[in-house]
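A.B. asks: Got a file for you: structure00.txt, compact mmCIF, C-alpha atoms.
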# COMPACT_ATOMS: atom_id res chain seq x y z
CA MET L 2 10.94 -18.81 -15.74
CA GLY L 3 10.55 -22.49 -14.95
CA PHE L 4 11.17 -21.83 -11.26
CA SER L 5 8.77 -22.54 -8.42
CA PRO L 6 9.18 -19.92 -5.66
CA VAL L 7 8.63 -22.60 -3.01
CA ASP L 8 9.62 -26.26 -2.90
CA THR L 9 6.20 -27.71 -3.69
CA ALA L 10 7.18 -31.19 -2.55
CA ALA L 11 7.94 -29.82 0.92
CA ALA L 12 5.07 -27.31 0.96
CA PRO L 13 2.16 -28.51 -1.19
CA GLU L 14 -0.50 -26.52 0.66
CA TRP L 15 0.23 -23.11 -0.83
CA VAL L 16 2.51 -21.78 -3.55
CA PRO L 17 2.88 -18.10 -4.50
CA SER L 18 1.10 -17.39 -7.77
CA GLN L 19 0.37 -13.66 -7.71
CA ARG L 20 2.75 -11.92 -10.13
CA GLN L 21 4.64 -8.94 -8.72
CA ASP L 22 5.98 -7.47 -11.95
CA GLY L 23 7.20 -3.92 -11.54
CA ARG L 24 6.70 -3.90 -7.77
CA ARG L 25 9.59 -3.12 -5.43
CA PHE L 26 10.23 -4.99 -2.17
CA ILE L 27 12.80 -4.49 0.58
CA VAL L 28 13.77 -7.65 2.47
CA THR L 29 15.99 -7.35 5.54
CA GLY L 30 18.44 -10.12 6.35
CA ALA L 31 18.13 -11.27 2.76
CA ASN L 32 21.54 -12.83 2.13
CA ARG L 33 20.75 -16.19 3.74
CA GLY L 34 18.10 -18.35 5.36
CA ILE L 35 14.45 -17.30 5.26
CA GLY L 36 15.34 -13.84 4.00
CA LEU L 37 17.18 -15.23 0.98
CA ALA L 38 14.33 -17.66 0.25
CA THR L 39 11.86 -14.77 0.47
CA ALA L 40 13.92 -12.56 -1.85
CA THR L 41 14.36 -15.43 -4.32
CA ALA L 42 10.63 -16.13 -4.48
CA LEU L 43 9.75 -12.46 -4.94
CA ALA L 44 12.30 -12.20 -7.77
CA ALA L 45 10.77 -15.28 -9.38
CA LEU L 46 7.40 -13.54 -9.25
CA GLY L 47 8.82 -10.57 -11.17
CA ALA L 48 9.50 -8.13 -8.32
CA HIS L 49 12.44 -5.77 -7.98
CA VAL L 50 14.07 -6.76 -4.70
CA VAL L 51 16.36 -4.74 -2.44
CA LEU L 52 18.37 -7.08 -0.24
CA ALA L 53 19.15 -5.24 2.99
CA GLY L 54 21.49 -6.22 5.79
CA HIS L 55 24.73 -5.59 7.63
CA GLU L 56 26.88 -8.50 6.48
CA SER L 57 29.62 -8.16 3.87
CA SER L 58 28.99 -6.92 0.35
CA GLU L 59 30.54 -10.17 -0.88
CA SER L 60 27.87 -12.23 0.88
CA PHE L 61 25.11 -10.16 -0.70
CA ASP L 62 26.77 -10.31 -4.13
CA ALA L 63 26.84 -14.10 -3.81
CA ALA L 64 23.18 -14.12 -2.75
CA ILE L 65 22.21 -11.99 -5.74
CA GLU L 66 24.12 -14.20 -8.15
CA GLY L 67 22.41 -17.22 -6.65
CA ILE L 68 18.98 -15.64 -7.14
CA VAL L 69 19.77 -14.81 -10.77
CA LEU L 70 20.91 -18.37 -11.44
CA ALA L 71 17.91 -19.89 -9.67
CA THR L 72 15.20 -17.69 -11.19
CA GLY L 73 16.58 -16.30 -14.45
CA CYS L 74 15.61 -12.80 -13.37
CA ALA L 75 17.55 -9.81 -14.68
CA ARG L 76 20.54 -8.85 -12.53
CA ASP L 77 19.45 -5.20 -12.46
CA THR L 78 16.21 -6.11 -10.66
CA LEU L 79 18.23 -6.97 -7.56
CA THR L 80 20.07 -4.48 -5.34
CA HIS L 81 21.95 -4.59 -2.07
CA MET L 82 21.69 -1.79 0.50
CA ALA L 83 23.51 -1.84 3.81
CA VAL L 84 21.70 -1.45 7.12
CA ASP L 85 22.75 -2.59 10.58
CA LEU L 86 19.79 -3.06 12.89
CA ARG L 87 22.07 -2.91 15.89
CA SER L 88 22.18 0.87 15.35
CA LEU L 89 19.35 3.38 15.00
CA ASP L 90 21.77 5.72 13.23
CA SER L 91 22.37 3.03 10.61
CA VAL L 92 18.62 2.74 10.08
CA ARG L 93 18.38 6.51 9.66
CA GLY L 94 21.27 6.35 7.20
CA PHE L 95 19.42 3.72 5.18
CA ALA L 96 16.36 5.97 5.01
CA ARG L 97 18.48 8.96 3.95
CA THR L 98 20.07 6.90 1.21
CA TRP L 99 16.64 5.81 0.04
CA ALA L 100 15.48 9.43 -0.05
CA GLU L 101 18.39 10.25 -2.37
CA ARG L 102 17.32 7.69 -4.97
CA PRO L 103 15.78 9.02 -8.20
CA ALA L 104 12.04 9.54 -7.82
CA ALA L 105 11.39 6.83 -10.42
CA VAL L 106 12.84 4.15 -8.11
CA GLN L 107 11.73 5.45 -4.70
CA ALA L 108 8.35 3.73 -4.48
CA ILE L 109 8.18 0.76 -2.11
CA HIS L 110 5.38 -1.76 -2.59
CA GLY L 111 6.43 -4.17 0.12
CA LEU L 112 8.68 -4.19 3.18
CA ILE L 113 9.59 -7.58 4.64
CA ASN L 114 11.06 -7.07 8.11
CA ASN L 115 12.72 -10.47 8.22
CA ALA L 116 16.02 -9.90 10.03
CA GLY L 117 16.26 -10.92 13.66
CA ILE L 118 18.32 -12.69 16.29
CA ALA L 119 17.64 -15.26 18.97
CA GLY L 120 19.87 -13.46 21.42
CA MET L 121 23.20 -11.68 21.78
CA PRO L 122 25.26 -10.59 24.79
CA GLY L 123 25.50 -6.96 25.77
CA VAL L 124 23.53 -3.90 24.74
CA SER L 125 23.35 -2.02 21.46
CA PRO L 126 25.19 1.24 20.69
CA ASP L 127 21.87 2.94 21.52
CA GLY L 128 21.89 1.32 24.94
CA PHE L 129 19.10 -1.24 24.50
CA GLU L 130 19.11 -5.01 25.05
CA MET L 131 20.07 -6.59 21.73
CA CYS L 132 16.92 -8.62 21.04
CA PHE L 133 14.73 -5.62 21.74
CA GLN L 134 16.86 -3.37 19.52
CA ILE L 135 17.32 -5.68 16.53
CA ASN L 136 14.04 -7.59 16.51
CA TYR L 137 11.79 -4.69 17.41
CA LEU L 138 13.05 -1.13 17.88
CA SER L 139 15.15 -0.83 14.71
CA MET L 140 12.40 -2.56 12.74
CA PHE L 141 9.92 -0.05 14.19
CA LEU L 142 12.09 2.87 13.06
CA LEU L 143 12.85 1.45 9.62
CA THR L 144 9.17 0.91 8.93
CA ARG L 145 8.17 4.37 10.15
CA LEU L 146 10.86 6.11 8.07
CA LEU L 147 9.89 4.26 4.88
CA LEU L 148 6.12 4.77 5.12
CA PRO L 149 6.12 7.93 2.94
CA TYR L 150 7.49 5.88 0.03
CA MET L 151 4.73 3.28 0.28
CA LEU L 152 1.83 5.36 -1.02
CA ASP L 153 2.61 4.90 -4.72
CA ASP L 154 -0.16 2.54 -5.83
CA PRO L 155 -3.68 3.34 -4.56
CA GLN L 156 -5.10 0.29 -6.37
CA HIS L 157 -2.84 -2.21 -4.60
CA PRO L 158 -2.17 -1.74 -0.87
CA ALA L 159 1.48 -1.72 0.16
CA ARG L 160 2.49 -4.73 2.23
CA ILE L 161 4.40 -4.60 5.49
CA VAL L 162 5.33 -8.04 6.80
CA CYS L 163 7.03 -8.34 10.18
CA VAL L 164 8.50 -11.69 11.14
CA SER L 165 7.43 -12.58 14.65
CA SER L 166 7.47 -15.96 16.40
CA ALA L 167 5.23 -18.28 18.37
CA ALA L 168 7.64 -17.48 21.21
CA HIS L 169 5.62 -14.29 21.74
CA LEU L 170 2.95 -16.51 23.31
CA PHE L 171 5.27 -17.43 26.19
CA THR L 172 6.04 -14.14 27.91
CA LEU L 173 5.02 -12.16 30.98
CA GLY L 174 3.57 -9.23 29.04
CA LEU L 175 4.71 -6.27 26.96
CA PRO L 176 7.96 -4.78 28.27
CA THR L 177 7.85 -0.98 28.54
CA ASP L 178 10.13 -0.24 31.52
CA GLU L 179 13.11 1.58 29.99
CA ARG L 180 15.46 0.54 32.78
CA TYR L 181 14.65 -3.11 32.09
CA LEU L 182 14.99 -2.70 28.32
CA ARG L 183 18.41 -1.11 28.74
CA ARG L 184 19.76 -4.02 30.79
CA GLU L 185 21.66 -6.87 29.19
CA GLY L 186 19.47 -9.86 28.43
CA GLY L 187 19.91 -13.55 29.08
CA GLY L 188 21.73 -14.42 25.88
CA PHE L 189 20.58 -16.98 23.32
CA PHE L 190 16.84 -17.71 23.18
CA SER L 191 15.98 -16.17 26.56
CA LEU L 192 12.69 -14.60 27.66
CA ARG L 193 13.89 -11.41 25.95
CA TYR L 194 13.45 -13.04 22.54
CA GLY L 195 9.77 -13.77 23.09
CA GLU L 196 9.25 -10.30 24.54
CA SER L 197 10.78 -8.67 21.47
CA LYS L 198 8.44 -10.67 19.24
CA LEU L 199 5.46 -9.72 21.40
CA CYS L 200 6.46 -6.10 20.77
CA VAL L 201 6.50 -6.86 17.04
CA ASN L 202 2.92 -8.11 17.20
CA ALA L 203 1.81 -5.09 19.21
CA PHE L 204 3.44 -2.79 16.65
CA VAL L 205 1.65 -4.54 13.79
CA ARG L 206 -1.73 -4.11 15.47
CA THR L 207 -1.19 -0.47 16.37
CA LEU L 208 0.35 0.50 13.05
CA ALA L 209 -2.42 -1.17 11.05
CA ALA L 210 -5.11 0.68 13.02
CA ARG L 211 -3.36 4.05 12.66
CA LEU L 212 -2.69 3.57 8.96
CA GLU L 213 -6.33 2.73 8.35
CA GLN L 214 -7.21 6.08 9.92
CA GLU L 215 -4.68 8.15 7.97
CA ALA L 216 -4.54 6.23 4.68
CA PRO L 217 -7.59 3.95 4.44
CA GLN L 218 -7.14 0.75 2.44
CA ARG L 219 -3.61 1.71 1.36
CA PHE L 220 -1.68 -0.73 3.58
CA VAL L 221 -1.80 -4.34 4.72
CA VAL L 222 0.35 -4.96 7.80
CA CYS L 223 0.91 -8.50 9.09
CA ALA L 224 2.97 -10.36 11.68
CA VAL L 225 4.05 -13.87 10.77
CA HIS L 226 5.40 -16.97 12.47
CA PRO L 227 7.73 -18.75 10.03
CA GLY L 228 8.05 -21.97 11.99
CA SER L 229 11.28 -23.62 13.12
CA THR L 230 13.60 -23.31 10.16
CA ALA L 231 17.16 -24.41 9.39
CA SER L 232 18.94 -21.07 9.09
CA GLY L 233 21.56 -18.80 10.62
CA PHE L 234 19.06 -18.07 13.38
CA TRP L 235 20.54 -20.99 15.34
CA ALA L 236 24.15 -19.81 15.01
CA GLY L 237 24.33 -19.06 18.74
CA LEU L 238 24.11 -22.76 19.57
CA PRO L 239 27.12 -25.08 19.77
CA VAL L 240 27.93 -26.82 16.48
CA TRP L 241 26.66 -30.20 17.72
CA ALA L 242 23.36 -28.59 18.73
CA GLN L 243 23.05 -26.88 15.36
CA LYS L 244 23.39 -30.27 13.67
CA CYS L 245 20.63 -31.67 15.85
CA VAL L 246 18.37 -28.70 15.10
CA ALA L 247 18.98 -29.17 11.37
CA GLN L 248 17.43 -32.64 11.61
CA VAL L 249 14.10 -31.40 12.95
CA THR L 250 13.64 -28.03 11.26
CA GLN L 251 12.17 -27.13 7.89
CA GLU L 252 13.99 -25.76 4.87
CA PRO L 253 14.16 -21.96 4.44
CA SER L 254 11.88 -22.15 1.38
CA ARG L 255 9.11 -23.44 3.62
CA GLY L 256 9.98 -21.00 6.39
CA ALA L 257 9.46 -18.17 3.89
CA ARG L 258 5.97 -19.30 2.89
CA THR L 259 3.91 -17.28 5.35
CA SER L 260 5.93 -14.12 4.71
CA LEU L 261 5.31 -14.60 0.99
CA TYR L 262 1.64 -15.32 1.60
CA CYS L 263 1.20 -12.05 3.48
CA ALA L 264 3.30 -10.15 0.94
CA THR L 265 1.43 -11.30 -2.15
CA GLU L 266 -2.04 -12.72 -1.49
CA PRO L 267 -5.05 -10.42 -1.99
CA ASN L 268 -7.78 -9.74 0.56
CA LEU L 269 -5.84 -10.27 3.76
CA ASP L 270 -6.82 -8.87 7.15
CA SER L 271 -4.44 -6.09 8.21
CA GLY L 272 -3.07 -6.00 11.74
CA LYS L 273 -3.29 -9.76 12.19
CA TYR L 274 -0.92 -12.60 13.06
CA TYR L 275 -0.43 -15.41 10.54
CA ALA L 276 1.17 -18.85 10.69
CA GLU L 277 1.18 -21.64 8.10
CA CYS L 278 -0.38 -19.22 5.59
CA ALA L 279 -3.49 -18.71 7.72
CA LEU L 280 -4.75 -16.51 10.53
CA ALA L 281 -3.40 -17.64 13.89
CA SER L 282 -4.18 -16.88 17.51
CA ALA L 283 -1.94 -14.23 19.04
CA SER L 284 -1.09 -13.65 22.70
CA PHE L 285 -3.78 -12.42 25.06
CA TRP L 286 -1.26 -9.82 26.26
CA LEU L 287 -2.00 -7.90 23.06
CA ASN L 288 -5.48 -7.17 24.37
CA ASP L 289 -3.95 -4.74 26.85
CA GLU L 290 -4.53 -1.59 24.79
CA ARG L 291 -3.04 0.67 27.45
CA LYS L 292 0.26 -1.20 27.43
CA SER L 293 0.32 -1.30 23.61
CA ALA L 294 -0.28 2.46 23.48
CA GLU L 295 2.49 3.00 26.03
CA LEU L 296 4.90 0.90 23.96
CA TRP L 297 4.01 2.91 20.84
CA THR L 298 4.52 6.28 22.55
CA LYS L 299 7.82 5.29 24.13
CA SER L 300 9.11 3.71 20.91
CA CYS L 301 8.38 6.94 19.08
CA ALA L 302 10.32 8.89 21.71
CA TRP L 303 13.27 6.47 21.65
CA THR L 304 13.51 6.59 17.85
CA GLY L 305 12.57 10.22 17.26
CA VAL L 306 9.45 9.85 15.14
CA SER L 307 6.07 11.48 15.63
CA PRO L 308 3.56 9.40 17.61
CA ASN L 309 0.66 10.84 15.62
CA MET L 310 1.83 11.93 12.16
CA LEU L 311 2.81 8.72 10.36
CA PHE L 312 4.13 10.45 7.26
CA LYS L 313 5.94 13.30 9.01
CA LEU L 314 9.71 13.76 8.94
CA PRO L 315 11.42 12.47 12.11
CA VAL L 316 12.07 14.69 15.11
CA GLU L 317 15.08 14.66 17.41
CA PRO L 318 15.02 11.43 19.45
CA SER L 319 14.89 11.55 23.21
CA ARG L 320 18.29 11.01 24.78
CA ARG L 321 19.25 8.50 27.41
CA PRO L 322 19.24 10.07 30.86
Rewrite the coordinates I just gave you, this time as structure tokens.

C.D. replies:
Amino acid sequence: MGFSPVDTAAAPEWVPSQRQDGRRFIVTGANRGIGLATATALAALGAHVVLAGHESSESFDAAIEGIVLATGCARDTLTHMAVDLRSLDSVRGFARTWAERPAAVQAIHGLINNAGIAGMPGVSPDGFEMCFQINYLSMFLLTRLLLPYMLDDPQHPARIVCVSSAAHLFTLGLPTDERYLRREGGGFFSLRYGESKLCVNAFVRTLAARLEQEAPQRFVVCAVHPGSTASGFWAGLPVWAQKCVAQVTQEPSRGARTSLYCATEPNLDSGKYYAECALASASFWLNDERKSAELWTKSCAWTGVSPNMLFKLPVEPSRRP
């Protein structure tokens, strides 16, 4: 197509080269920033890409047109589906809509859980602190509900990439106290952000281990740190601060590199944390297997999925007392 998926001048170390023809990826938060760069690169590699998110249809239409112009891919290889990670019901609605697709277009070969926030006042409609809900709990549910559609190709493991952050290294441990998680957080880029990303890493480890038991060698699950990137992530800052951040952060095409690496490269270690397209050291808090198991069990209860049967239809979620 004459299009490099990544700006090679800015990121000479690694460039996606594994073709993805005929494979279908879902990318959340794909209408701008790292998500858009990820979707664009996957389209350039020949993938069918579903751009998922809660912003206006017009913004996703513009993103799709931009991808077509940049890559030369066919317009019908790109689709927009609405999902609002502030709401577990919206996530369930997304999964129901996916289930209604014709069988020929139900298979998912990659899920890129890219969408996230640095912080937001208040609690979600489900009663959880916003970082925990959007960055972790809704991502947890979306992934669990889509697992049955990711068993299509036994020769090529499905990829699940969850965007984390180095901020997960700077926390006080995995949060599992429901009363704490249902209290409003500290706003933009507070401790709650790092905690939510620590939960993401714990989920990746636990899910990878359980999938290897139930469906050996059929999945690769990774957490990634994209690096500080100029994107809508910083929208909570004052305008002057956003301008300052833009001077010291990388372009979205570089921020997407590690997600693309984990989505496309062969022979990766599942359940691991990656940064700069390489294995990275994760928080020592993740070595607390009891806490990780507690987070898994409670997350299943909060979202209404089975803690043991990964490919089972969801059950009624536990209700807030």

A.B. asks: Can you tell me which residues surround L:Ala48 at a distance of at most 10 Å, considering all atoms listed in the file, apart from same-chain residues fewer than 4 positions away, and format the answer as a ChimeraX atom specification?

C.D. replies: /L:20-26,40-44,74,78-79,110-111

A.B. asks: Ranking L:Ser254, L:Ser191, L:Gln218, L:Gln19 by minimum distance to L:Pro155 and counting all atoms listed in the file, which one comes first?

C.D. replies: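 Of the candidates, the smallest distance to L:Pro155 is held by L:Gln218.
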
A.B. asks: Using only C-alpha atoms, list the residues that have an atom at most 7 Å from (17.0, -7.8, 24.5), coordinates as in the file, as a list in words.

C.D. replies: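 Residues close enough to count: Phe129, Glu130, Met131, Cys132, Phe133, Gln134, Leu182, Glu185, Gly186, Arg193, Tyr194 and Ser197 of chain L.
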
A.B. asks: Please determine the residues with any atom at most 9 Å from (1.3, -8.1, 13.0) (coordinates as given in the file, with only C-alpha atoms counting) and report them as a JSON list (two decimals) with C-alpha atoms, in the coordinates of the input.

C.D. replies:
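What follows is the written file result-v5.json:
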[["chain", "number", "residue", "atom", "x", "y", "z"],
["L", 161, "ILE", "CA", 4.40, -4.60, 5.49],
["L", 162, "VAL", "CA", 5.33, -8.04, 6.80],
["L", 163, "CYS", "CA", 7.03, -8.34, 10.18],
["L", 164, "VAL", "CA", 8.50, -11.69, 11.14],
["L", 165, "SER", "CA", 7.43, -12.58, 14.65],
["L", 201, "VAL", "CA", 6.50, -6.86, 17.04],
["L", 202, "ASN", "CA", 2.92, -8.11, 17.20],
["L", 203, "ALA", "CA", 1.81, -5.09, 19.21],
["L", 204, "PHE", "CA", 3.44, -2.79, 16.65],
["L", 205, "VAL", "CA", 1.65, -4.54, 13.79],
["L", 206, "ARG", "CA", -1.73, -4.11, 15.47],
["L", 207, "THR", "CA", -1.19, -0.47, 16.37],
["L", 208, "LEU", "CA", 0.35, 0.50, 13.05],
["L", 209, "ALA", "CA", -2.42, -1.17, 11.05],
["L", 222, "VAL", "CA", 0.35, -4.96, 7.80],
["L", 223, "CYS", "CA", 0.91, -8.50, 9.09],
["L", 224, "ALA", "CA", 2.97, -10.36, 11.68],
["L", 225, "VAL", "CA", 4.05, -13.87, 10.77],
["L", 271, "SER", "CA", -4.44, -6.09, 8.21],
["L", 272, "GLY", "CA", -3.07, -6.00, 11.74],
["L", 273, "LYS", "CA", -3.29, -9.76, 12.19],
["L", 274, "TYR", "CA", -0.92, -12.60, 13.06],
["L", 275, "TYR", "CA", -0.43, -15.41, 10.54]]

A.B. asks: Near L:Gly67, within 12 Å and counting only C-alpha atoms, which residues show up once chain neighbours fewer than 4 positions away are dropped, as a PyMOL selection string?

C.D. replies: chain L and resi 31-33+37-38+40-41+44+60-63+71-76+79

A.B. asks: Include C-alpha atoms and write out the residues we just selected as a PDB file, keeping the file's coordinate frame.

C.D. replies:
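File part.pdb, as written:
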ATOM      1  CA  ALA L  31      18.130 -11.270   2.760  1.00  0.00           C
ATOM      2  CA  ASN L  32      21.540 -12.830   2.130  1.00  0.00           C
ATOM      3  CA  ARG L  33      20.750 -16.190   3.740  1.00  0.00           C
ATOM      4  CA  LEU L  37      17.180 -15.230   0.980  1.00  0.00           C
ATOM      5  CA  ALA L  38      14.330 -17.660   0.250  1.00  0.00           C
ATOM      6  CA  ALA L  40      13.920 -12.560  -1.850  1.00  0.00           C
ATOM      7  CA  THR L  41      14.360 -15.430  -4.320  1.00  0.00           C
ATOM      8  CA  ALA L  44      12.300 -12.200  -7.770  1.00  0.00           C
ATOM      9  CA  SER L  60      27.870 -12.230   0.880  1.00  0.00           C
ATOM     10  CA  PHE L  61      25.110 -10.160  -0.700  1.00  0.00           C
ATOM     11  CA  ASP L  62      26.770 -10.310  -4.130  1.00  0.00           C
ATOM     12  CA  ALA L  63      26.840 -14.100  -3.810  1.00  0.00           C
ATOM     13  CA  ALA L  71      17.910 -19.890  -9.670  1.00  0.00           C
ATOM     14  CA  THR L  72      15.200 -17.690 -11.190  1.00  0.00           C
ATOM     15  CA  GLY L  73      16.580 -16.300 -14.450  1.00  0.00           C
ATOM     16  CA  CYS L  74      15.610 -12.800 -13.370  1.00  0.00           C
ATOM     17  CA  ALA L  75      17.550  -9.810 -14.680  1.00  0.00           C
ATOM     18  CA  ARG L  76      20.540  -8.850 -12.530  1.00  0.00           C
ATOM     19  CA  LEU L  79      18.230  -6.970  -7.560  1.00  0.00           C
TER      20      LEU L  79
END

A.B. asks: Just to confirm, what's the straight-line distance from atom CA of L:Leu261 to atom CA of L:Ala294 in Å (one decimal)?

C.D. replies: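 Value for the atom CA of L:Leu261-atom CA of L:Ala294 distance: 28.8 Å.
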
A.B. asks: For L:Met121, which of L:Arg87, L:Arg145, L:Arg255, L:Arg93 is the closest residue, counting only C-alpha atoms?

C.D. replies: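 Selected residue with least distance to L:Met121: L:Arg87.
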
A.B. asks: Separation of atom CA of L:Leu142 and atom CA of L:Asn268, in Å?

C.D. replies: 26.6 Å

A.B. asks: When you count only C-alpha atoms, which of these residues is closest to L:Leu152: L:Ser307, L:Gln107, L:Thr265, L:Asn288?

C.D. replies: L:Gln107

A.B. asks: Taking only C-alpha atoms into account, which of L:Ser18, L:Thr304, L:Thr298, L:Thr39 comes nearest L:Arg258?

C.D. replies: L:Thr39

A.B. asks: Find the residue from L:Trp297, L:Phe285, L:Phe220, L:Trp303 that sits nearest to L:Tyr150; use all atoms listed in the file when measuring.

C.D. replies: L:Phe220

A.B. asks: Kindly give the distance, in Å, that separates atom CA of L:Gly36 and atom CA of L:Ser166, rounded to a single decimal.

C.D. replies: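 Value for the atom CA of L:Gly36-atom CA of L:Ser166 distance: 14.8 Å.
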
A.B. asks: Would you mind telling me which residue in L:Cys200, L:Ile113, L:Ala210, L:Met310 lies nearest to L:Asn136 when using all atoms listed in the file?

C.D. replies: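 Using all atoms listed in the file, L:Asn136 sits closest to L:Cys200.
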